[in-house]
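For reference, query_29.txt is printed below; it contains compact mmCIF, C-alpha atoms and all ligand atoms.
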# COMPACT_ATOMS: atom_id res chain seq x y z
CA MET A 694 109.57 94.89 109.53
CA LYS A 695 108.54 93.06 112.65
CA ARG A 696 106.74 96.03 114.04
CA THR A 697 104.75 96.43 110.82
CA THR A 698 103.76 92.77 110.97
CA ALA A 699 102.72 93.04 114.61
CA LEU A 700 100.68 96.13 113.80
CA LEU A 701 99.00 94.36 110.90
CA VAL A 702 98.15 91.38 113.06
CA LEU A 703 96.71 93.75 115.63
CA LEU A 704 94.64 95.60 113.03
CA LEU A 705 93.37 92.41 111.42
CA GLY A 706 92.62 91.03 114.87
CA VAL A 707 90.55 94.10 115.72
CA ALA A 708 88.80 93.92 112.34
CA GLY A 709 88.07 90.28 113.11
CA ILE A 710 86.03 91.21 116.17
CA ALA A 711 83.71 93.41 114.13
CA ALA A 712 83.43 90.80 111.38
CA PRO A 713 80.16 89.03 110.67
CA ALA A 714 80.16 85.58 112.22
CA ILE A 715 81.48 82.93 109.89
CA THR A 716 80.43 79.49 111.03
CA PRO A 717 81.95 76.29 109.64
CA THR A 718 80.09 72.98 109.27
CA PRO A 719 81.82 69.76 108.24
CA TRP A 720 80.63 68.30 104.96
CA ARG A 721 81.10 65.04 103.13
CA TYR A 722 82.98 66.82 100.31
CA GLY A 723 84.82 69.36 102.46
CA VAL A 724 83.51 72.20 104.57
CA PHE A 725 80.66 74.73 104.54
CA TYR A 726 80.98 78.28 105.88
CA TRP A 727 77.91 80.33 106.70
CA VAL A 728 78.50 84.08 106.54
CA GLY A 729 76.31 85.87 109.10
CA GLU A 730 73.39 83.94 110.48
CA VAL A 731 73.12 80.25 109.77
CA PRO A 732 69.90 79.69 107.75
CA GLU A 733 66.96 78.00 109.42
CA HIS A 734 67.48 74.59 107.82
CA PRO A 735 71.18 74.44 107.02
CA GLU A 736 70.96 70.70 106.33
CA ALA A 737 68.64 71.43 103.39
CA TYR A 738 71.41 73.42 101.67
CA VAL A 739 74.07 70.88 102.61
CA ASN A 740 71.95 68.11 101.10
CA MET A 741 71.33 70.12 97.94
CA ALA A 742 75.06 70.66 97.55
CA THR A 743 75.87 66.97 98.12
CA ASN A 744 73.24 66.03 95.60
CA TRP A 745 74.59 68.41 92.97
CA VAL A 746 78.18 67.25 93.44
CA ASP A 747 76.99 63.64 92.97
CA ARG A 748 75.08 64.52 89.81
CA VAL A 749 77.72 66.80 88.30
CA PHE A 750 80.56 64.33 88.94
CA ALA A 751 78.51 61.48 87.47
CA PHE A 752 77.78 63.64 84.41
CA TRP A 753 81.51 64.24 84.00
CA GLY A 754 82.29 60.52 84.37
CA LEU A 755 84.17 61.20 87.61
CA THR A 756 82.97 57.95 89.14
CA PRO A 757 82.93 56.15 91.46
CA LEU A 758 82.22 59.38 93.32
CA PRO A 759 85.10 60.73 95.42
CA GLY A 760 84.93 59.82 99.08
CA PRO A 761 86.49 61.22 102.25
CA THR A 762 89.68 59.48 103.35
CA VAL A 763 88.78 59.63 107.06
CA ASP A 764 85.59 60.29 109.06
CA TRP A 765 84.49 63.73 107.85
CA ARG A 766 81.88 64.35 110.57
CA ASN A 767 84.42 65.16 113.27
CA PRO A 768 87.27 67.12 111.74
CA GLN A 769 90.42 67.27 113.83
CA GLU A 770 90.62 70.65 115.58
CA ILE A 771 93.98 72.30 116.18
CA SER A 772 94.75 75.36 118.28
CA ALA A 773 97.46 77.37 116.58
CA ASN A 774 98.53 80.92 115.84
CA SER A 775 98.50 80.41 112.11
CA GLN A 776 97.56 78.00 109.39
CA GLU A 777 101.24 77.13 108.82
CA GLU A 778 101.64 76.33 112.50
CA ALA A 779 98.51 74.15 112.41
CA ARG A 780 99.91 72.27 109.41
CA LEU A 781 103.20 71.72 111.24
CA VAL A 782 101.32 70.24 114.19
CA LEU A 783 99.48 67.90 111.82
CA SER A 784 102.44 66.74 109.75
CA PRO A 785 103.62 64.25 108.69
CA ASP A 786 100.42 62.18 108.85
CA PHE A 787 98.14 64.73 107.19
CA SER A 788 97.94 64.41 103.41
CA PRO A 789 99.14 67.46 101.44
CA ALA A 790 95.88 67.24 99.46
CA GLY A 791 93.90 67.87 102.66
CA VAL A 792 93.29 71.49 103.65
CA VAL A 793 93.61 73.37 106.93
CA VAL A 794 90.89 75.97 107.34
CA PRO A 795 89.79 78.45 110.04
CA GLY A 796 87.86 76.66 112.79
CA PRO A 797 84.77 77.73 114.76
CA GLU A 798 86.77 79.78 117.27
CA ALA A 799 89.52 82.34 116.63
CA GLY A 800 92.88 80.58 116.93
CA THR A 801 91.45 77.19 115.98
CA PHE A 802 91.79 75.34 112.71
CA TRP A 803 90.14 72.32 111.17
CA ALA A 804 92.02 69.65 109.31
CA VAL A 805 89.73 68.80 106.39
CA PRO A 806 90.88 65.50 104.85
CA SER A 807 91.55 64.97 101.17
CA LEU A 808 89.08 63.09 98.99
CA LEU A 809 89.88 59.93 97.11
CA LEU A 810 88.74 59.67 93.49
CA ARG A 811 89.82 56.21 92.36
CA GLU A 812 93.60 56.40 93.03
CA LEU A 813 93.72 60.17 92.82
CA GLU A 814 93.83 62.21 96.01
CA ILE A 815 92.06 65.51 95.47
CA ASN A 816 91.48 68.67 97.53
CA PRO A 817 88.20 68.88 99.40
CA LEU A 818 85.87 71.75 98.46
CA THR A 819 85.03 74.76 100.60
CA LEU A 820 81.57 76.22 100.14
CA VAL A 821 81.02 79.72 101.46
CA VAL A 822 77.34 80.66 101.68
CA PHE A 823 76.29 84.32 101.93
CA PRO A 824 72.78 85.25 103.09
CA ALA A 825 72.11 87.30 99.94
CA ILE A 826 73.80 88.42 96.76
CA GLY A 827 74.47 91.94 98.11
CA GLU A 828 76.74 90.61 100.86
CA LEU A 829 78.66 88.46 98.41
CA GLN A 830 79.19 91.34 95.99
CA THR A 831 80.27 93.79 98.69
CA SER A 832 82.63 91.34 100.38
CA LEU A 833 84.36 90.54 97.10
CA CYS A 834 83.96 93.89 95.40
CA ALA A 835 82.34 92.03 92.53
CA PHE A 836 79.14 93.85 91.65
CA ASN A 837 78.71 91.86 88.46
CA TRP A 838 79.03 88.42 90.05
CA ALA A 839 76.28 85.96 90.95
CA GLY A 840 78.64 83.44 92.54
CA ALA A 841 82.28 82.46 92.24
CA PHE A 842 84.67 79.56 92.01
CA PHE A 843 88.28 79.89 93.09
CA ARG A 844 90.89 77.27 92.40
CA HIS A 845 93.22 78.36 95.19
CA PRO A 846 91.83 81.31 97.08
CA PRO A 847 95.04 82.39 98.83
CA SER A 848 96.75 83.10 95.53
CA SER A 849 93.85 85.05 94.12
CA GLU A 850 94.88 88.55 93.24
CA ARG A 851 91.45 89.93 94.04
CA LEU A 852 91.41 88.52 97.56
CA ALA A 853 94.89 89.85 98.18
CA LEU A 854 93.67 93.37 97.44
CA LEU A 855 90.48 93.29 99.49
CA ASP A 856 90.27 94.19 103.14
CA SER A 857 86.79 92.87 103.95
CA PRO A 858 86.62 90.47 106.93
CA VAL A 859 85.23 87.71 104.73
CA ALA A 860 88.16 88.12 102.33
CA ALA A 861 90.51 87.68 105.31
CA VAL A 862 88.91 84.30 106.07
CA LEU A 863 88.90 83.33 102.40
CA ARG A 864 92.62 83.98 102.15
CA GLU A 865 93.09 81.30 104.80
CA ILE A 866 91.18 78.64 102.90
CA GLY A 867 93.35 76.22 100.98
CA GLY A 868 92.14 74.34 97.95
CA PRO A 869 89.18 75.13 95.72
CA ALA A 870 86.23 77.16 97.00
CA ILE A 871 82.76 78.13 95.83
CA LEU A 872 81.09 81.33 97.02
CA LEU A 873 77.38 81.78 96.54
CA PRO A 874 74.34 83.50 98.04
CA VAL A 875 71.18 81.87 99.42
CA ILE A 876 69.04 84.66 98.00
CA GLY A 877 69.76 86.05 94.57
CA ARG A 878 67.86 88.35 92.32
CA PRO A 879 64.11 88.08 91.74
CA PRO A 880 62.15 86.61 90.00
CA MET A 881 63.89 83.30 90.77
CA THR A 882 63.04 81.72 94.10
CA SER A 883 65.95 81.50 96.48
CA GLN A 884 66.14 77.74 95.99
CA ASP A 885 66.18 77.97 92.19
CA TYR A 886 68.88 80.59 92.41
CA PHE A 887 71.03 78.68 94.87
CA MET A 888 70.72 75.53 92.77
CA SER A 889 71.49 77.05 89.40
CA ILE A 890 74.53 78.98 90.67
CA LEU A 891 75.68 75.88 92.51
CA ALA A 892 75.37 73.66 89.42
CA HIS A 893 77.46 76.14 87.43
CA GLU A 894 80.18 76.52 90.07
CA ILE A 895 80.37 72.77 90.74
CA GLY A 896 80.79 72.43 86.97
CA HIS A 897 84.01 74.44 87.43
CA TRP A 898 85.11 72.15 90.24
CA ALA A 899 84.45 69.09 88.04
CA THR A 900 86.53 70.73 85.28
CA LEU A 901 89.41 71.22 87.72
CA VAL A 902 89.25 67.62 88.99
CA TRP A 903 88.84 66.25 85.45
CA ALA A 904 91.86 68.29 84.27
CA GLU A 905 93.99 67.06 87.20
CA GLY A 906 93.03 63.50 86.38
CA HIS A 907 94.25 64.02 82.81
CA GLY A 908 97.51 65.69 83.78
CA LEU A 909 96.20 69.01 82.44
CA ASP A 910 96.20 72.44 84.03
CA MET A 911 92.81 74.16 84.13
CA ALA A 912 94.66 77.49 84.09
CA GLY A 913 95.73 76.65 80.53
CA MET A 914 92.12 76.56 79.32
CA THR A 915 90.49 79.68 77.91
CA GLY A 916 87.64 81.44 79.69
CA LEU A 917 85.38 80.58 76.74
CA LEU A 918 85.90 76.85 77.29
CA ILE A 919 85.81 76.99 81.11
CA GLU A 920 82.55 78.96 81.17
CA GLY A 921 81.08 76.94 78.30
CA LEU A 922 81.65 73.65 80.15
CA ALA A 923 80.13 75.01 83.38
CA GLU A 924 77.13 76.45 81.53
CA TYR A 925 76.58 73.21 79.65
CA THR A 926 76.72 71.26 82.92
CA GLU A 927 74.21 73.61 84.57
CA PHE A 928 71.97 73.70 81.52
CA THR A 929 71.86 69.93 81.04
CA LEU A 930 71.40 69.01 84.68
CA SER A 931 68.72 71.68 85.19
CA PHE A 932 66.69 71.21 82.01
CA GLY A 933 67.80 67.88 80.58
CA GLU A 934 69.90 67.41 77.49
CA PRO A 935 68.84 69.67 74.64
CA ASP A 936 66.63 67.83 72.18
CA ARG A 937 69.05 67.67 69.31
CA HIS A 938 66.49 66.73 66.71
CA ARG A 939 63.82 69.30 67.41
CA ALA A 940 65.21 72.41 69.11
CA ALA A 941 66.88 74.72 66.62
CA PRO A 942 70.32 75.84 67.84
CA VAL A 943 69.36 79.48 67.35
CA SER A 944 66.46 79.12 69.80
CA LEU A 945 68.75 77.61 72.46
CA HIS A 946 71.60 80.08 71.90
CA PRO A 947 69.99 83.38 70.91
CA VAL A 948 72.77 85.63 72.26
CA ALA A 949 75.52 83.53 70.67
CA ALA A 950 73.50 83.58 67.43
CA VAL A 951 73.33 87.40 67.43
CA TRP A 952 77.07 87.49 67.99
CA ALA A 953 77.81 84.95 65.24
CA GLN A 954 75.40 86.48 62.73
CA ARG A 955 77.04 89.88 63.12
CA GLY A 956 80.45 88.49 62.34
CA GLY A 957 81.67 87.74 65.87
CA GLY A 958 83.88 84.70 66.19
CA LEU A 959 84.78 82.05 68.76
CA ALA A 960 88.21 83.40 69.64
CA ASP A 961 87.25 87.06 69.90
CA ALA A 962 84.07 86.88 72.02
CA PRO A 963 84.28 89.63 74.66
CA ASN A 964 84.33 88.62 78.33
CA GLU A 965 80.70 89.65 78.72
CA LEU A 966 79.63 87.03 76.16
CA ILE A 967 81.88 84.08 76.99
CA HIS A 968 79.15 82.30 78.99
CA ALA A 969 76.66 82.41 76.11
CA VAL A 970 79.16 81.81 73.31
CA GLY A 971 81.00 79.14 75.33
CA LEU A 972 77.73 77.28 75.97
CA SER A 973 76.95 77.34 72.24
CA LEU A 974 80.42 76.00 71.45
CA VAL A 975 80.14 73.07 73.89
CA ASP A 976 76.62 72.24 72.66
CA PHE A 977 77.91 72.42 69.07
CA LEU A 978 80.74 70.00 69.91
CA VAL A 979 78.42 67.61 71.77
CA ARG A 980 76.11 67.44 68.75
CA LYS A 981 79.08 66.97 66.43
CA HIS A 982 80.42 64.09 68.53
CA TYR A 983 77.06 62.77 69.82
CA LEU A 984 77.83 62.68 73.57
CA PHE A 985 79.30 64.98 76.22
CA GLY A 986 81.51 62.02 77.22
CA ASN A 987 82.92 61.88 73.69
CA VAL A 988 83.78 65.58 73.80
CA LEU A 989 85.58 65.01 77.12
CA ARG A 990 87.52 62.14 75.58
CA LEU A 991 88.61 64.35 72.68
CA LEU A 992 89.26 67.46 74.75
CA PRO A 993 92.90 66.70 75.68
CA SER A 994 93.78 66.48 71.99
CA PHE A 995 91.72 69.62 71.19
CA LEU A 996 93.64 71.48 73.87
CA GLU A 997 97.00 70.70 72.26
CA ASP A 998 96.08 73.06 69.47
CA TRP A 999 93.09 74.98 70.78
CA ASN A 1000 93.28 78.12 68.64
CA ALA A 1001 93.67 76.15 65.43
CA ARG A 1002 90.64 74.06 66.45
CA LEU A 1003 88.54 77.15 67.09
CA ALA A 1004 89.46 78.48 63.64
CA GLU A 1005 88.58 75.11 62.13
CA TRP A 1006 85.13 74.96 63.82
CA GLU A 1007 84.16 78.58 63.35
CA GLY A 1008 82.55 78.42 59.89
CA GLU A 1009 80.48 75.37 60.76
CA TRP A 1010 79.47 76.86 64.13
CA ARG A 1011 78.36 80.09 62.46
CA GLU A 1012 76.33 78.17 59.89
CA TRP A 1013 74.77 76.13 62.74
CA LEU A 1014 73.58 79.37 64.41
CA ARG A 1015 71.79 80.75 61.33
CA GLY A 1016 68.12 81.58 61.53
CA GLU A 1017 65.83 84.19 62.98
CA VAL A 1018 66.66 85.26 66.54
CA PRO A 1019 63.92 86.33 68.98
CA PRO A 1020 63.52 90.13 69.18
CA TRP A 1021 64.87 90.36 72.74
CA ALA A 1022 68.15 88.64 71.84
CA PRO A 1023 69.89 91.62 70.17
CA VAL A 1024 68.79 93.82 73.10
CA ARG A 1025 70.22 91.44 75.66
CA THR A 1026 73.43 91.02 73.66
CA ARG A 1027 73.94 94.76 73.55
CA LEU A 1028 73.16 95.18 77.26
CA LEU A 1029 75.80 92.54 78.00
CA VAL A 1030 78.45 93.90 75.65
CA GLU A 1031 77.99 97.43 76.99
CA LYS A 1032 78.23 96.12 80.60
CA VAL A 1033 74.85 97.70 81.37
CA PHE A 1034 73.95 95.16 84.10
CA TYR A 1035 77.23 95.85 85.86
CA VAL A 1036 76.96 99.61 85.51
CA ALA A 1037 73.34 99.52 86.79
CA SER A 1038 74.52 97.82 90.01
CA LEU A 1039 77.20 100.47 90.46
CA VAL A 1040 74.92 103.47 89.96
CA GLU A 1041 71.79 102.06 91.60
CA PRO A 1042 72.42 103.91 94.90
CA LEU A 1043 72.35 107.21 92.95
CA PHE A 1044 69.62 106.28 90.46
CA PRO A 1045 67.25 103.86 92.19
CA ASN A 1046 65.29 103.38 88.94
CA ALA A 1047 68.37 102.23 86.98
CA TRP A 1048 67.18 98.62 86.99
CA ASP A 1049 63.68 99.60 85.83
CA VAL A 1050 65.25 101.37 82.86
CA VAL A 1051 67.28 98.24 82.06
CA ARG A 1052 64.23 96.00 82.38
CA GLY A 1053 62.18 98.35 80.23
CA THR A 1054 64.66 98.20 77.36
CA THR A 1055 62.93 96.37 74.53
CA ALA A 1056 64.70 97.75 71.45
CA GLU A 1057 68.39 97.92 70.73
CA GLU A 1058 68.33 101.67 70.14
CA ASP A 1059 66.88 102.13 73.64
CA VAL A 1060 70.12 101.05 75.27
CA ALA A 1061 71.26 104.62 74.58
CA TRP A 1062 68.42 105.72 76.89
CA PHE A 1063 70.02 103.91 79.74
CA TRP A 1064 73.25 105.84 79.28
CA ALA A 1065 71.31 109.10 78.90
CA SER A 1066 69.31 108.38 82.08
CA ILE A 1067 72.48 108.15 84.17
CA SER A 1068 74.48 110.90 82.47
CA GLY A 1069 73.80 113.24 85.36
CA PRO A 1070 74.05 115.54 87.13
CA PRO A 1071 73.23 113.07 89.89
CA PRO A 1072 70.80 113.93 92.69
CA THR A 1073 72.25 114.70 96.15
CA PRO A 1074 72.85 111.25 97.65
CA THR A 1075 71.04 110.13 100.79
CA PRO A 1076 73.21 108.92 103.72
CA ASP A 1077 72.30 105.33 102.81
CA ALA A 1078 73.29 105.89 99.18
CA LEU A 1079 76.59 107.47 100.28
CA GLN A 1080 77.42 104.39 102.31
CA LYS A 1081 76.74 102.16 99.31
CA LEU A 1082 78.78 104.35 96.96
CA ARG A 1083 81.68 104.30 99.42
CA GLU A 1084 81.53 100.47 99.41
CA ARG A 1085 81.56 100.41 95.62
CA GLU A 1086 84.69 102.59 95.44
CA CYS A 1087 86.67 99.35 95.79
CA VAL A 1088 85.96 98.80 92.08
CA PHE A 1089 88.30 101.71 91.31
CA ARG A 1090 90.81 100.60 93.95
CA LEU A 1091 91.02 97.24 92.19
CA ALA A 1092 91.43 99.01 88.84
CA ALA A 1093 94.18 101.19 90.33
CA GLN A 1094 96.14 98.25 91.72
CA ARG A 1095 95.54 95.20 89.63
CA GLU A 1096 98.17 93.88 87.29
CA GLY A 1097 97.03 93.59 83.71
CA VAL A 1098 94.99 96.81 83.86
CA PRO A 1099 96.39 99.26 81.24
CA PRO A 1100 98.63 101.92 82.88
CA GLU A 1101 96.45 104.83 81.74
CA VAL A 1102 93.35 103.24 83.29
CA ARG A 1103 95.24 102.60 86.53
CA GLU A 1104 96.44 106.20 86.69
CA GLN A 1105 92.96 107.50 85.95
CA ALA A 1106 91.56 105.33 88.75
CA GLN A 1107 94.19 106.61 91.19
CA GLU A 1108 93.41 110.20 90.31
CA ILE A 1109 89.66 109.60 90.75
CA LEU A 1110 90.18 107.91 94.13
CA ALA A 1111 92.18 110.89 95.38
CA ARG A 1112 89.36 113.25 94.38
CA LEU A 1113 86.69 111.01 95.93
CA ASP A 1114 88.63 111.07 99.22
CA GLN A 1115 88.94 114.85 99.10
CA HIS A 1116 85.21 115.36 98.60
CA TRP A 1117 84.39 112.76 101.25
CA GLU A 1118 86.58 114.44 103.82
CA ALA A 1119 85.20 117.87 102.95
CA GLY A 1120 81.64 116.51 103.21
CA ASP A 1121 80.87 117.86 99.75
CA TRP A 1122 78.33 115.19 98.82
CA ASP A 1123 77.25 116.67 95.48
CA ALA A 1124 80.86 116.82 94.30
CA TYR A 1125 81.42 113.32 95.66
CA ALA A 1126 78.42 111.91 93.76
CA ALA A 1127 79.42 113.72 90.55
CA THR A 1128 82.97 112.37 90.77
CA TYR A 1129 81.71 108.84 91.49
CA LEU A 1130 79.44 108.96 88.46
CA GLU A 1131 82.24 110.37 86.31
CA ALA A 1132 84.40 107.47 87.50
CA VAL A 1133 81.82 104.87 86.47
CA LEU A 1134 81.29 106.49 83.08
CA THR A 1135 84.96 107.04 82.22
CA GLN A 1136 86.07 103.63 83.45
CA LEU A 1137 83.20 101.46 82.24
CA LYS A 1138 81.14 103.08 79.50
CA PRO A 1139 82.13 101.82 76.05
CA ALA A 1140 84.08 104.46 74.12
CA GLN A 1141 81.38 104.74 71.49
CA SER A 1142 78.06 103.10 71.03
CA PRO A 1143 78.89 100.86 68.10
CA GLU A 1144 76.63 100.51 65.08
CA GLY A 1145 76.69 96.75 65.06
CA ILE A 1146 77.85 94.58 67.87
CA PRO A 1147 80.77 94.21 68.75
ZN ZN B 1201 81.70 80.50 85.75
Can you dump the structure from the file as structure tokens?
Amino acid sequence: MKRTTALLVLLLGVAGIAAPAITPTPWRYGVFYWVGEVPEHPEAYVNMATNWVDRVFAFWGLTPLPGPTVDWRNPQEISANSQEEARLVLSPDFSPAGVVVPGPEAGTFWAVPSLLLRELEINPLTLVVFPAIGELQTSLCAFNWAGAFFRHPPSSERLALLDSPVAAVLREIGGPAILLPVIGRPPMTSQDYFMSILAHEIGHWATLVWAEGHGLDMAGMTGLLIEGLAEYTEFTLSFGEPDRHRAAPVSLHPVAAVWAQRGGGLADAPNELIHAVGLSLVDFLVRKHYLFGNVLRLLPSFLEDWNARLAEWEGEWREWLRGEVPPWAPVRTRLLVEKVFYVASLVEPLFPNAWDVVRGTTAEEDVAWFWASISGPPPTPTPDALQKLRERECVFRLAAQREGVPPEVREQAQEILARLDQHWEAGDWDAYAATYLEAVLTQLKPAQSPEGIP
């Protein structure tokens, strides 16, 4: 046992040397980490984040705003072999709600103090900033993510299964964390992108803090509600509250309207639609009860019997979303439901025009063209493409190992991984590319293109 541990420490240590630099900066609400190079004006991003936390917390009624319990500018630095050891050095004076995180040098840790919200001591927040979306997706093996919020990173199943150097650092971070890139996808400017992702993820943090303050567990809330609350926070703080008298619900929630009009419900919205449907639900509730604050006041009682409430609201919500949807809405809904955006990121190294095909899809029937355009046989991959495909294999490793994945899918993923390894070692790149594509199609393509959505 001991030898294995020593070997692991050695391996992780060696991996650590090759890792991109991860630089911490103290922050009023916790700590920032910059992955890779620190951007030219880091204070601009720190200020944006402070500003958004202030606005989001005020929107959620979490005021007076939480403040640091001690001077946050000079976090106490501890030299220790592990986080546990650093915590032992700090105890008993260090609050359990404070977090101990990796410091600027290997073998150093920072004691980041807890925050005080009225009488409630809460965890500080860790913000991990990646230079661009590609780095975030590769480090987390999340090719369909724009950003992320973790309640307690060390317990996250995904992080436990990843071996990227950034994941190793993330595992060491206690308390809630937000991961986001400086540069996202065009056409948004990097600042717009950073801000909108940040508003959404801080909405999740506010939900967590709000739930704690009400003796509730955020883990007990459904994804539909969690994403709906974050989307509503982002939407309202970015664009102002929807004009309830003039804007028709269907024009604000076109994807949710397509879903509702085709018989989809609140409880059965697929994962790919929970952001859109969740946003429509929260907006529906705000209009029903006049203010977001009123919905928050009622939420604890809603949560006692959530499924019954959803069933009760569904008819009225569907009626509320009646009306003509814009022509692009059914196309977008279908692209989402069929995971086309995700699949396009996975096959892009093989089919560089995959995104153009997605962008060029203007009619629902044309979604079939996307699947036809990537049905192979794939071209011989370039060395650069091979590298990218190899990185994306982690998607199947996660499928092969994660709990909750159906056994047949796990077995299929294991079998595919074995074949990918064989072809890789034999240097048979055509067979490798064909197997990779087969893996994407068998694991992610919907079983049949349905007539109506779902
Ligand atoms: Zn979210």
Check your understanding: If we count all atoms listed in the file, what is near range 821-824 of chain A at a cut-off of 9 Å, once residues fewer than 3 positions away on the same chain are taken out, given as a PyMOL selection string?
Key -> chain A and resi 717+724-732+827-829+863+870-876
Closest of A:Ile919, A:Leu901, A:Val749, A:Ala860 to ligand ZN 1201 (chain B), counting only C-alpha atoms and all ligand atoms, is A:Ile919
Exercise. Quick one, how far is CA of Leu808 in chain A from CA of Trp720 in chain A?
Worked result: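 Pair CA of Leu808 in chain A / CA of Trp720 in chain A returns 11.6 Å.
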Within-12 Å residues of ligand ZN 1201 (chain B), basis all atoms listed in the file, as a compact mmCIF listing (two decimals) with C-alpha atoms, keeping the file's coordinate frame:
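In the end it all went to pocket18.txt:
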# COMPACT_ATOMS: atom_id res chain seq x y z
CA TRP A 838 79.03 88.42 90.05
CA ALA A 839 76.28 85.96 90.95
CA GLY A 840 78.64 83.44 92.54
CA ALA A 841 82.28 82.46 92.24
CA PHE A 842 84.67 79.56 92.01
CA PHE A 843 88.28 79.89 93.09
CA ARG A 844 90.89 77.27 92.40
CA ILE A 871 82.76 78.13 95.83
CA LEU A 872 81.09 81.33 97.02
CA LEU A 873 77.38 81.78 96.54
CA SER A 889 71.49 77.05 89.40
CA ILE A 890 74.53 78.98 90.67
CA LEU A 891 75.68 75.88 92.51
CA ALA A 892 75.37 73.66 89.42
CA HIS A 893 77.46 76.14 87.43
CA GLU A 894 80.18 76.52 90.07
CA ILE A 895 80.37 72.77 90.74
CA GLY A 896 80.79 72.43 86.97
CA HIS A 897 84.01 74.44 87.43
CA TRP A 898 85.11 72.15 90.24
CA ALA A 899 84.45 69.09 88.04
CA THR A 900 86.53 70.73 85.28
CA THR A 915 90.49 79.68 77.91
CA GLY A 916 87.64 81.44 79.69
CA LEU A 917 85.38 80.58 76.74
CA LEU A 918 85.90 76.85 77.29
CA ILE A 919 85.81 76.99 81.11
CA GLU A 920 82.55 78.96 81.17
CA GLY A 921 81.08 76.94 78.30
CA LEU A 922 81.65 73.65 80.15
CA ALA A 923 80.13 75.01 83.38
CA GLU A 924 77.13 76.45 81.53
CA TYR A 925 76.58 73.21 79.65
CA THR A 926 76.72 71.26 82.92
CA GLU A 927 74.21 73.61 84.57
CA ASN A 964 84.33 88.62 78.33
CA GLU A 965 80.70 89.65 78.72
CA LEU A 966 79.63 87.03 76.16
CA ILE A 967 81.88 84.08 76.99
CA HIS A 968 79.15 82.30 78.99
CA ALA A 969 76.66 82.41 76.11
CA GLY A 971 81.00 79.14 75.33
CA LEU A 972 77.73 77.28 75.97
Test item: residues at most 6 Å from range 1031-1048 of chain A, all atoms listed in the file, excluding those fewer than 3 positions along its chain, as number ranges by chain
A: 837, 1027-1028, 1051, 1078
- Message: List the spatial neighbours of range 944-953 of chain A as an MDAnalysis selection string - criterion: any atom at most 8 Å away, all atoms listed in the file, same-chain residues fewer than 4 positions off excluded.
- Response: chainID A and resid 940 957:958 966 969:970 972:973 1011 1014:1015 1018:1019 1022:1023 1025:1026 1146:1147
CA of Asp910 in chain A sits from CA of Pro963 in chain A at a separation of 22.9 Å
Just add N, CA and C atoms to range 1058-1069 of chain A and send it as a PDB file, in the coordinates of the input.
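What follows is the written file out34.pdb:
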ATOM      1  N   GLU A1058      68.017 100.231  70.107  1.00  0.00           N
ATOM      2  CA  GLU A1058      68.330 101.670  70.140  1.00  0.00           C
ATOM      3  C   GLU A1058      68.127 102.238  71.548  1.00  0.00           C
ATOM      4  N   ASP A1059      67.209 101.595  72.320  1.00  0.00           N
ATOM      5  CA  ASP A1059      66.880 102.130  73.640  1.00  0.00           C
ATOM      6  C   ASP A1059      68.007 101.986  74.660  1.00  0.00           C
ATOM      7  N   VAL A1060      69.009 101.192  74.324  1.00  0.00           N
ATOM      8  CA  VAL A1060      70.120 101.050  75.270  1.00  0.00           C
ATOM      9  C   VAL A1060      70.761 102.426  75.492  1.00  0.00           C
ATOM     10  N   ALA A1061      70.735 103.257  74.438  1.00  0.00           N
ATOM     11  CA  ALA A1061      71.260 104.620  74.580  1.00  0.00           C
ATOM     12  C   ALA A1061      70.507 105.390  75.663  1.00  0.00           C
ATOM     13  N   TRP A1062      69.212 105.056  75.849  1.00  0.00           N
ATOM     14  CA  TRP A1062      68.420 105.720  76.890  1.00  0.00           C
ATOM     15  C   TRP A1062      68.965 105.452  78.267  1.00  0.00           C
ATOM     16  N   PHE A1063      69.442 104.241  78.445  1.00  0.00           N
ATOM     17  CA  PHE A1063      70.020 103.910  79.740  1.00  0.00           C
ATOM     18  C   PHE A1063      71.184 104.856  80.039  1.00  0.00           C
ATOM     19  N   TRP A1064      72.079 104.977  79.051  1.00  0.00           N
ATOM     20  CA  TRP A1064      73.250 105.840  79.280  1.00  0.00           C
ATOM     21  C   TRP A1064      72.823 107.288  79.486  1.00  0.00           C
ATOM     22  N   ALA A1065      71.791 107.720  78.733  1.00  0.00           N
ATOM     23  CA  ALA A1065      71.310 109.100  78.900  1.00  0.00           C
ATOM     24  C   ALA A1065      70.717 109.282  80.301  1.00  0.00           C
ATOM     25  N   SER A1066      70.011 108.234  80.793  1.00  0.00           N
ATOM     26  CA  SER A1066      69.310 108.380  82.080  1.00  0.00           C
ATOM     27  C   SER A1066      70.281 108.490  83.252  1.00  0.00           C
ATOM     28  N   ILE A1067      71.530 108.050  83.052  1.00  0.00           N
ATOM     29  CA  ILE A1067      72.480 108.150  84.170  1.00  0.00           C
ATOM     30  C   ILE A1067      73.602 109.149  83.859  1.00  0.00           C
ATOM     31  N   SER A1068      73.373 110.015  82.842  1.00  0.00           N
ATOM     32  CA  SER A1068      74.480 110.900  82.470  1.00  0.00           C
ATOM     33  C   SER A1068      74.562 112.126  83.386  1.00  0.00           C
ATOM     34  N   GLY A1069      73.655 112.214  84.340  1.00  0.00           N
ATOM     35  CA  GLY A1069      73.800 113.240  85.360  1.00  0.00           C
ATOM     36  C   GLY A1069      73.213 114.581  84.975  1.00  0.00           C
TER      37      GLY A1069
END
